[in-house]
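Written out below as structure tokens is the structure these notes cover.
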Amino acid sequence: MNQEDRNKLAELLFPNIDKDRNYYEEKYPERDLPDGAMVTRFGPSPTGFVHMGSLFGSFCDSVFAKQSNGIFFLRIEDTDQKRSVENGVDGIFNDLDAFDIIPDESSRVGGNYGPYIQSERTEIYQTYVKDLIKQGYAYPCFMTEEEIADIREEQEINKTKLGIYGVYAQDRDLSLDEIENKISQGEEYVIRLKSPGNDKNEVEIVDCVKGKIKFPENDMDIVLLKKDGTPTYHLAHVIDDHLMHTTHVIRGDEWVSSIPLHVQLFDILGFKRPEYVHTAAITKKENGNIRKLSKRKDPEAKVSYYDEVGIPIDAVKLYLATILNSNFEEWYLQNSDKTIDDFTFTFDKMAIGGTLFDLDKLNNISKTYFSHKSGEDVFEETLNWAKRHDKEYAKLLEENKENMIKFLSIEKDSARPRKDISKYSDVREEFSYAIDELFIKENYSKLTSEKNYDIALMEKYVETLNLKQTNEEWFEGVKEFSVNNGYASNNKEFKKAPDAYKGHVGDVCEIFRVVITGRTASPDLYSIMQILGIDKIKERIELYKKFKEID
RNA sequence: GGCCUGUUGGUGAAGUGGCUUAACACACUGCCCUCUCAAGGCAGCAUUCACGGAUUCGAAUUCCGUACAGGCUACCA
């Protein structure tokens, strides 16, 4: 086919495309950004929600763009209707909003490089494909699904490479007459790349995280435009990222095999190749096997899971940061006053292999997160969470705000704050003694200890209780009280002569603790008593007696 | 079948030819501290980096093979 025929073919195939590529090249000029600024993008399908792996990807995108004073944009990749869900775009935005990952440009906030929804860019893709036809780099292919399946079968038998290439690309040299004929007879077709590659040649590319990778050159005539005129991922990626001036394509490493194809497309179209950053998949171990985190099987793969369970968003982000860069965690441990934004992430500290998703670690990070928060902050955040997930508790929290903050602040001023909460949902349980109404309702039902506590001793003690002392003075008093009542003043003494005592101070405190909090473990007892006040303490003694049916 | 990539402890990993008798963190175990718990302190937890060869005075680090795992091989992304 000569140039004249190719021009005719282009018109035959795309009679409605009246613009040429220069129009778009001018419409979307180079971005005016500082040196080293990265332009990144997140391209989800509108499936209605963000998957953990995508969240990780978008987190990378936003982090690298932000720290280089670049641009992070969101492009909805809806070229496959099967993957689209009604209002699916809203779901994506909601999940990203929840994690405070805010694109600089998107279909919602706009931008100069839109539209940011691929289904609205069909004309653009077709314009470039029309040009490719003229250049002889693309052609209509009329092969049916059955024909392709047959070829595949033959290839499997011959144990050769699968796909449409070389001799298998039957329609690549059809004449203009033949094409006109088929079209006039209503035959359906796709537009395929007429690959100039030879798989005997080698291409080498440098991936920002994986380093140098060598591939055979692409020789596959992959489809560019589907039967309905819609682009495939490959075409859309190349054209969009060129026109939107993406500098770093950050995507999952399931895409590395397509690199030879993509660079070929960039070259043929005369575009500058972007940097590629292929990130390792987040995996999960199940029955000894490692597999990708699945949104079907794994609740933790759904990004909304964390809010439901009560793990703070920021804790999840901290975890994402620790898996993004292996040196982040150590840095953060030494700079707990800093935030993720203060750390400079690099590509060479990214994992090459798969990263196992570790809920234990997330929990730990979350505990540390809570431990750094003031009582007020924990209160506000917990209230906020409870309003969405535990309305009853939210109401109680609001009614008991003042005291609750005091309880949540116990031992917060020390250099080594308590780490007893990892989720908002833990607060209700851990501080069950803090809200009177809840305490009365739940009573001592959760007490697992079968011991019979000496309630009379407690009653005797309360008569002498002074809530105006310092913690040290108070504890001295408890020791004295213990000794006067046949208990050792410390554990060591008791161990020396266990028969000489009824127990030791610890045992005495346990009585108080159980009666007052309904638990065998709690933060500092004296602080709790001070907040509760003498009347409440007495009430709880009566409650305990009633529970144990004493008198 | 073909093409890519990976393989360091229970887990995430540091490590880029000698500083490694393999960092750090999570988990676990023990002890200490202690009114309980949490936290904290100390100690233990891979004599070895999937396996086999090669290069080298010297290799977890380079090369080659094998095994295993993952990805791609769609008119899905």
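Here, A, B, ... name the chains of the structure tokens in the order displayed, residue numbers run from 1 inside each chain, and ligands are numbered from 1 in the same displayed order.
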
**Request:** Step one, run DSSP on the backbone; step two, keep only residues of segment 130-269 of chain A assigned to helix (DSSP H, G or I); then write them as a PyMOL selection string.
**Result:** chain A and resi 130-135+145-158+166-168+176-184+233-243+253-268

Please dump the current selection as a PDB file, in the first residue's frame; keep C-alpha atoms.
```pdb
ATOM      1  CA  LYS A 130      -5.650   7.884  11.983  1.00  0.00           C
ATOM      2  CA  ASP A 131      -2.179   9.323  11.777  1.00  0.00           C
ATOM      3  CA  LEU A 132      -0.660   5.930  12.444  1.00  0.00           C
ATOM      4  CA  ILE A 133      -2.688   4.498   9.584  1.00  0.00           C
ATOM      5  CA  LYS A 134      -1.295   7.130   7.266  1.00  0.00           C
ATOM      6  CA  GLN A 135       2.187   6.257   8.378  1.00  0.00           C
ATOM      7  CA  GLU A 145     -12.620 -14.552  17.515  1.00  0.00           C
ATOM      8  CA  GLU A 146     -12.759 -18.081  16.137  1.00  0.00           C
ATOM      9  CA  GLU A 147      -9.868 -17.465  13.784  1.00  0.00           C
ATOM     10  CA  ILE A 148      -7.799 -16.061  16.589  1.00  0.00           C
ATOM     11  CA  ALA A 149      -8.651 -18.994  18.826  1.00  0.00           C
ATOM     12  CA  ASP A 150      -7.580 -21.384  16.074  1.00  0.00           C
ATOM     13  CA  ILE A 151      -4.276 -19.637  15.718  1.00  0.00           C
ATOM     14  CA  ARG A 152      -3.739 -19.804  19.400  1.00  0.00           C
ATOM     15  CA  GLU A 153      -4.433 -23.516  19.412  1.00  0.00           C
ATOM     16  CA  GLU A 154      -1.987 -24.047  16.593  1.00  0.00           C
ATOM     17  CA  GLN A 155       0.626 -22.025  18.421  1.00  0.00           C
ATOM     18  CA  GLU A 156       0.136 -24.050  21.557  1.00  0.00           C
ATOM     19  CA  ILE A 157       0.617 -27.261  19.649  1.00  0.00           C
ATOM     20  CA  ASN A 158       3.736 -25.924  17.960  1.00  0.00           C
ATOM     21  CA  GLY A 166       4.471 -12.146  11.765  1.00  0.00           C
ATOM     22  CA  VAL A 167       2.751 -14.733   9.612  1.00  0.00           C
ATOM     23  CA  TYR A 168      -0.153 -14.925  12.022  1.00  0.00           C
ATOM     24  CA  LEU A 176      -7.070  -0.994   0.007  1.00  0.00           C
ATOM     25  CA  ASP A 177      -9.510  -2.761  -2.303  1.00  0.00           C
ATOM     26  CA  GLU A 178      -9.769  -5.774  -0.051  1.00  0.00           C
ATOM     27  CA  ILE A 179     -10.350  -3.572   2.968  1.00  0.00           C
ATOM     28  CA  GLU A 180     -12.983  -1.497   1.197  1.00  0.00           C
ATOM     29  CA  ASN A 181     -14.658  -4.673   0.163  1.00  0.00           C
ATOM     30  CA  LYS A 182     -14.799  -6.193   3.621  1.00  0.00           C
ATOM     31  CA  ILE A 183     -16.054  -3.001   5.143  1.00  0.00           C
ATOM     32  CA  SER A 184     -18.750  -2.604   2.543  1.00  0.00           C
ATOM     33  CA  TYR A 233      -5.060   0.261  27.790  1.00  0.00           C
ATOM     34  CA  HIS A 234      -1.826   0.287  25.828  1.00  0.00           C
ATOM     35  CA  LEU A 235      -2.864   2.971  23.394  1.00  0.00           C
ATOM     36  CA  ALA A 236      -4.610   5.042  26.000  1.00  0.00           C
ATOM     37  CA  HIS A 237      -1.634   4.898  28.329  1.00  0.00           C
ATOM     38  CA  VAL A 238       0.770   6.117  25.689  1.00  0.00           C
ATOM     39  CA  ILE A 239      -1.372   8.904  24.330  1.00  0.00           C
ATOM     40  CA  ASP A 240      -2.709  10.133  27.650  1.00  0.00           C
ATOM     41  CA  ASP A 241       0.578  10.111  29.458  1.00  0.00           C
ATOM     42  CA  HIS A 242       2.165  11.943  26.590  1.00  0.00           C
ATOM     43  CA  LEU A 243      -0.523  14.570  26.288  1.00  0.00           C
ATOM     44  CA  ASP A 253       4.484  -4.603  38.265  1.00  0.00           C
ATOM     45  CA  GLU A 254       1.985  -6.719  36.369  1.00  0.00           C
ATOM     46  CA  TRP A 255       2.763  -4.186  33.661  1.00  0.00           C
ATOM     47  CA  VAL A 256       6.456  -4.817  33.256  1.00  0.00           C
ATOM     48  CA  SER A 257       5.933  -7.328  30.486  1.00  0.00           C
ATOM     49  CA  SER A 258       4.240  -4.657  28.433  1.00  0.00           C
ATOM     50  CA  ILE A 259       7.207  -2.330  28.573  1.00  0.00           C
ATOM     51  CA  PRO A 260       8.595  -3.306  25.137  1.00  0.00           C
ATOM     52  CA  LEU A 261       5.205  -2.630  23.602  1.00  0.00           C
ATOM     53  CA  HIS A 262       4.782   0.670  25.356  1.00  0.00           C
ATOM     54  CA  VAL A 263       8.206   2.032  24.492  1.00  0.00           C
ATOM     55  CA  GLN A 264       7.666   0.974  20.903  1.00  0.00           C
ATOM     56  CA  LEU A 265       4.429   2.897  20.842  1.00  0.00           C
ATOM     57  CA  PHE A 266       6.111   5.964  22.314  1.00  0.00           C
ATOM     58  CA  ASP A 267       8.835   5.732  19.693  1.00  0.00           C
ATOM     59  CA  ILE A 268       6.519   5.225  16.743  1.00  0.00           C
TER      60      ILE A 268
END
```

Go through chain B residue by residue and, counting only C-alpha atoms (C1' of nucleotides), keep those with an atom at most 10 Å from chain A; for each kept residue give the shortest atom pair and its distance in Å to one decimal, ordered by chain and increasing number, as CSV.
```
residue,atom,partner,partner_atom,distance
B:G1,C1',A:Lys159,CA,4.9
B:G2,C1',A:Lys161,CA,5.2
B:C3,C1',A:Ser257,CA,7.7
B:C4,C1',A:Ser257,CA,5.9
B:U5,C1',A:Gly353,CA,8.0
B:G6,C1',A:Gly353,CA,5.6
B:U7,C1',A:Gly353,CA,9.0
B:U11,C1',A:Asp358,CA,7.2
B:G12,C1',A:Leu356,CA,7.3
B:A13,C1',A:Ser326,CA,6.8
B:A14,C1',A:Ser326,CA,8.2
B:C24,C1',A:Glu330,CA,6.7
B:A25,C1',A:Glu329,CA,7.2
B:C26,C1',A:Lys361,CA,5.3
B:A27,C1',A:Asp360,CA,7.6
B:U34,C1',A:Gly506,CA,9.7
B:C35,C1',A:Gly506,CA,5.0
B:U36,C1',A:Ala521,CA,4.8
B:C37,C1',A:Ala521,CA,4.5
B:A38,C1',A:Arg418,CA,5.3
B:A39,C1',A:Arg418,CA,5.5
B:G40,C1',A:Arg416,CA,7.4
B:A69,C1',A:Ile290,CA,7.8
B:G70,C1',A:Arg291,CA,7.9
B:G71,C1',A:Glu254,CA,5.2
B:C72,C1',A:Ser257,CA,5.3
B:U73,C1',A:Leu162,CA,6.4
B:A74,C1',A:Val223,CA,9.8
B:C75,C1',A:Lys226,CA,4.6
B:C76,C1',A:Asp80,CA,7.0
B:A77,C1',A:Tyr233,CA,6.5
```

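Proximity to Lys548 of chain A at 10 Å, evaluated using only C-alpha atoms (C1' of nucleotides) and with sequence-adjacent residues fewer than 5 positions away removed, yields Tyr444, Asn452, Tyr453, Ile455, Glu542 and Leu543 of chain A.
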
**Atom-to-atom span, atom CA of Met244 of chain A and atom CA of Glu120 of chain A, Å** = 14.4 Å

**Prompt:** Between atom CA of Ala301 of chain A and atom CA of Val316 of chain A, what is the spacing in Å?
**Reply:** 12.1 Å

**Request:** Tell me which of B:C64, B:A22, B:G30, B:A59 sits closest to U47 of chain B, counting only C-alpha atoms (C1' of nucleotides).
**Result:**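 Nearest to U47 of chain B: B:A22.
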
**Message:** Env of Leu74 of chain A: 9 Å cut, atoms = only C-alpha atoms (C1' of nucleotides), seq-sep filter 6 positions within chain, self excluded. Answer as an MDAnalysis selection string.
**Reply:** chainID A and resid 40:44 58 102:107 116:117

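As for atom CA of Phe439 of chain A and atom CA of Leu383 of chain A, they are spaced 18.3 Å apart.
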
**Message:** Which residues are close to segment 458-469 of chain A, i.e. within 8 Å by only C-alpha atoms (C1' of nucleotides), leaving aside same-chain residues fewer than 5 positions away? Reply as a PyMOL selection string.
**Reply:** chain A and resi 474+481+511-512+529-530+533-534+538+541

Residues of segment 178-361 of chain A in strand (DSSP E or B), written as an mmCIF file with N, CA and C atoms, in the first residue's frame:
```
data_model
loop_
_atom_site.group_PDB
_atom_site.id
_atom_site.type_symbol
_atom_site.label_atom_id
_atom_site.label_comp_id
_atom_site.auth_asym_id
_atom_site.auth_seq_id
_atom_site.Cartn_x
_atom_site.Cartn_y
_atom_site.Cartn_z
ATOM 1 N N VAL A 190 -11.012 -4.514 14.089
ATOM 2 C CA VAL A 190 -10.304 -3.727 15.104
ATOM 3 C C VAL A 190 -9.131 -3.065 14.389
ATOM 4 N N ILE A 191 -8.528 -2.096 15.043
ATOM 5 C CA ILE A 191 -7.311 -1.519 14.464
ATOM 6 C C ILE A 191 -6.116 -2.068 15.219
ATOM 7 N N ARG A 192 -5.224 -2.699 14.489
ATOM 8 C CA ARG A 192 -4.033 -3.255 15.114
ATOM 9 C C ARG A 192 -2.797 -2.437 14.797
ATOM 10 N N LEU A 193 -1.860 -2.545 15.701
ATOM 11 C CA LEU A 193 -0.546 -1.958 15.467
ATOM 12 C C LEU A 193 0.159 -2.806 14.413
ATOM 13 N N GLU A 202 17.049 -6.732 20.884
ATOM 14 C CA GLU A 202 16.864 -6.572 22.309
ATOM 15 C C GLU A 202 16.598 -5.107 22.634
ATOM 16 N N VAL A 203 15.681 -4.872 23.539
ATOM 17 C CA VAL A 203 15.526 -3.507 24.042
ATOM 18 C C VAL A 203 15.859 -3.516 25.522
ATOM 19 N N GLU A 204 16.524 -2.476 25.939
ATOM 20 C CA GLU A 204 16.852 -2.384 27.348
ATOM 21 C C GLU A 204 16.203 -1.135 27.904
ATOM 22 N N ILE A 205 15.525 -1.290 28.998
ATOM 23 C CA ILE A 205 14.956 -0.095 29.615
ATOM 24 C C ILE A 205 15.381 -0.079 31.079
ATOM 25 N N VAL A 206 15.330 1.094 31.656
ATOM 26 C CA VAL A 206 15.682 1.222 33.064
ATOM 27 C C VAL A 206 14.423 1.564 33.845
ATOM 28 N N ASP A 207 14.053 0.672 34.699
ATOM 29 C CA ASP A 207 12.920 0.927 35.567
ATOM 30 C C ASP A 207 13.461 1.547 36.850
ATOM 31 N N GLY A 211 15.517 -1.410 38.087
ATOM 32 C CA GLY A 211 16.799 -1.273 37.407
ATOM 33 C C GLY A 211 16.712 -1.669 35.940
ATOM 34 N N LYS A 212 17.861 -2.060 35.369
ATOM 35 C CA LYS A 212 17.890 -2.429 33.957
ATOM 36 C C LYS A 212 17.128 -3.725 33.705
ATOM 37 N N ILE A 213 16.324 -3.719 32.676
ATOM 38 C CA ILE A 213 15.660 -4.954 32.254
ATOM 39 C C ILE A 213 15.792 -5.052 30.736
ATOM 40 N N LYS A 214 16.164 -6.243 30.283
ATOM 41 C CA LYS A 214 16.274 -6.463 28.835
ATOM 42 C C LYS A 214 15.101 -7.311 28.358
ATOM 43 N N PHE A 215 14.577 -6.919 27.224
ATOM 44 C CA PHE A 215 13.477 -7.680 26.626
ATOM 45 C C PHE A 215 13.749 -7.876 25.149
ATOM 46 N N PRO A 216 13.105 -8.901 24.589
ATOM 47 C CA PRO A 216 13.070 -8.959 23.128
ATOM 48 C C PRO A 216 12.166 -7.816 22.652
ATOM 49 N N MET A 220 4.475 -7.918 18.341
ATOM 50 C CA MET A 220 3.053 -8.256 18.357
ATOM 51 C C MET A 220 2.227 -7.135 17.738
ATOM 52 N N VAL A 223 -3.927 -4.984 19.560
ATOM 53 C CA VAL A 223 -4.995 -4.103 19.110
ATOM 54 C C VAL A 223 -4.883 -2.752 19.786
ATOM 55 N N LEU A 224 -5.109 -1.748 18.973
ATOM 56 C CA LEU A 224 -5.034 -0.363 19.418
ATOM 57 C C LEU A 224 -6.435 0.159 19.721
ATOM 58 N N LEU A 225 -7.309 -0.101 18.768
ATOM 59 C CA LEU A 225 -8.698 0.325 18.901
ATOM 60 C C LEU A 225 -9.580 -0.910 18.812
ATOM 61 N N PRO A 231 -10.214 2.684 22.795
ATOM 62 C CA PRO A 231 -8.809 2.263 22.835
ATOM 63 C C PRO A 231 -8.548 1.151 23.853
ATOM 64 N N HIS A 248 6.494 10.345 35.386
ATOM 65 C CA HIS A 248 6.767 9.053 36.009
ATOM 66 C C HIS A 248 5.515 8.202 36.040
ATOM 67 N N VAL A 249 5.566 7.139 35.319
ATOM 68 C CA VAL A 249 4.436 6.223 35.292
ATOM 69 C C VAL A 249 4.621 5.219 36.429
ATOM 70 N N ILE A 250 3.877 5.435 37.498
ATOM 71 C CA ILE A 250 3.959 4.538 38.647
ATOM 72 C C ILE A 250 2.780 3.583 38.553
ATOM 73 N N ARG A 251 3.054 2.314 38.446
ATOM 74 C CA ARG A 251 1.985 1.330 38.267
ATOM 75 C C ARG A 251 2.445 -0.006 38.806
ATOM 76 N N GLY A 252 1.518 -0.910 38.950
ATOM 77 C CA GLY A 252 1.816 -2.230 39.479
ATOM 78 C C GLY A 252 2.722 -3.018 38.555
ATOM 79 N N GLU A 275 9.508 7.977 32.527
ATOM 80 C CA GLU A 275 10.194 7.048 33.423
ATOM 81 C C GLU A 275 9.157 6.043 33.905
ATOM 82 N N TYR A 276 9.594 4.808 34.047
ATOM 83 C CA TYR A 276 8.670 3.802 34.572
ATOM 84 C C TYR A 276 9.053 3.418 35.995
ATOM 85 N N VAL A 277 8.040 3.301 36.815
ATOM 86 C CA VAL A 277 8.234 2.920 38.211
ATOM 87 C C VAL A 277 7.254 1.785 38.499
ATOM 88 N N HIS A 278 7.768 0.577 38.468
ATOM 89 C CA HIS A 278 6.865 -0.556 38.677
ATOM 90 C C HIS A 278 6.928 -1.030 40.121
ATOM 91 N N THR A 279 5.799 -0.941 40.788
ATOM 92 C CA THR A 279 5.780 -1.251 42.220
ATOM 93 C C THR A 279 5.353 -2.694 42.468
ATOM 94 N N ILE A 282 1.147 -5.985 46.662
ATOM 95 C CA ILE A 282 0.968 -6.297 48.076
ATOM 96 C C ILE A 282 0.349 -7.681 48.146
ATOM 97 N N THR A 283 1.019 -8.547 48.870
ATOM 98 C CA THR A 283 0.600 -9.945 48.866
ATOM 99 C C THR A 283 0.149 -10.398 50.235
ATOM 100 N N LYS A 284 -0.334 -11.604 50.252
ATOM 101 C CA LYS A 284 -0.824 -12.169 51.497
ATOM 102 C C LYS A 284 -0.471 -13.640 51.507
ATOM 103 N N LYS A 285 -0.153 -14.135 52.670
ATOM 104 C CA LYS A 285 0.204 -15.547 52.770
ATOM 105 C C LYS A 285 -1.017 -16.327 53.223
ATOM 106 N N GLU A 286 -1.310 -17.368 52.512
ATOM 107 C CA GLU A 286 -2.457 -18.184 52.884
ATOM 108 C C GLU A 286 -2.097 -19.643 52.662
ATOM 109 N N ASN A 289 0.989 -20.392 50.842
ATOM 110 C CA ASN A 289 1.179 -19.827 49.515
ATOM 111 C C ASN A 289 1.049 -18.308 49.549
ATOM 112 N N ILE A 290 1.824 -17.679 48.709
ATOM 113 C CA ILE A 290 1.765 -16.230 48.635
ATOM 114 C C ILE A 290 0.950 -15.829 47.425
ATOM 115 N N ARG A 291 0.008 -14.937 47.646
ATOM 116 C CA ARG A 291 -0.785 -14.472 46.512
ATOM 117 C C ARG A 291 -1.116 -13.008 46.700
ATOM 118 N N LYS A 292 -1.546 -12.402 45.627
ATOM 119 C CA LYS A 292 -1.907 -10.995 45.690
ATOM 120 C C LYS A 292 -3.107 -10.826 46.611
ATOM 121 N N LYS A 302 -10.072 -4.142 51.077
ATOM 122 C CA LYS A 302 -10.975 -3.025 50.835
ATOM 123 C C LYS A 302 -10.560 -1.880 51.738
ATOM 124 N N THR A 355 5.360 -7.563 48.646
ATOM 125 C CA THR A 355 5.392 -7.189 50.054
ATOM 126 C C THR A 355 4.221 -7.841 50.765
ATOM 127 N N LEU A 356 4.535 -8.594 51.791
ATOM 128 C CA LEU A 356 3.484 -9.275 52.526
ATOM 129 C C LEU A 356 2.765 -8.280 53.420
#
```

**Prompt:** Any idea what's packed within 12 Å of A46 of chain B, counting only C-alpha atoms (C1' of nucleotides), ignoring anything in its chain fewer than 5 positions away? Could you give it as number ranges by chain?
**Reply:** B: 8-10, 22, 60

Counting only C-alpha atoms (C1' of nucleotides), what is within 7 Å of segment 11-24 of chain A, bar same-chain residues fewer than 3 positions away, as a short mmCIF file (atom, residue, chain, number, x, y, z; two decimals) with N, CA and C atoms, in the first residue's frame?
```cif
data_model
loop_
_atom_site.label_atom_id
_atom_site.label_comp_id
_atom_site.auth_asym_id
_atom_site.auth_seq_id
_atom_site.Cartn_x
_atom_site.Cartn_y
_atom_site.Cartn_z
N ASN A 7 -3.54 7.18 2.92
CA ASN A 7 -4.34 8.37 3.20
C ASN A 7 -5.82 8.09 2.97
N LYS A 8 -6.09 7.40 1.87
CA LYS A 8 -7.49 7.04 1.58
C LYS A 8 -8.06 6.14 2.66
N LYS A 27 -2.71 22.04 21.97
CA LYS A 27 -3.71 22.24 23.02
C LYS A 27 -3.15 21.86 24.39
N TYR A 28 -2.27 20.88 24.42
CA TYR A 28 -1.72 20.42 25.69
C TYR A 28 -0.21 20.63 25.73
N GLU A 123 -12.03 10.73 20.64
CA GLU A 123 -11.59 11.46 19.45
C GLU A 123 -10.08 11.64 19.41
N THR A 127 -7.68 10.23 16.55
CA THR A 127 -6.87 11.15 15.74
C THR A 127 -5.46 10.59 15.56
N TYR A 128 -4.91 10.12 16.67
CA TYR A 128 -3.55 9.59 16.58
C TYR A 128 -3.50 8.28 15.80
N LYS A 130 -5.49 7.50 13.38
CA LYS A 130 -5.65 7.88 11.98
C LYS A 130 -4.28 8.24 11.40
#
```
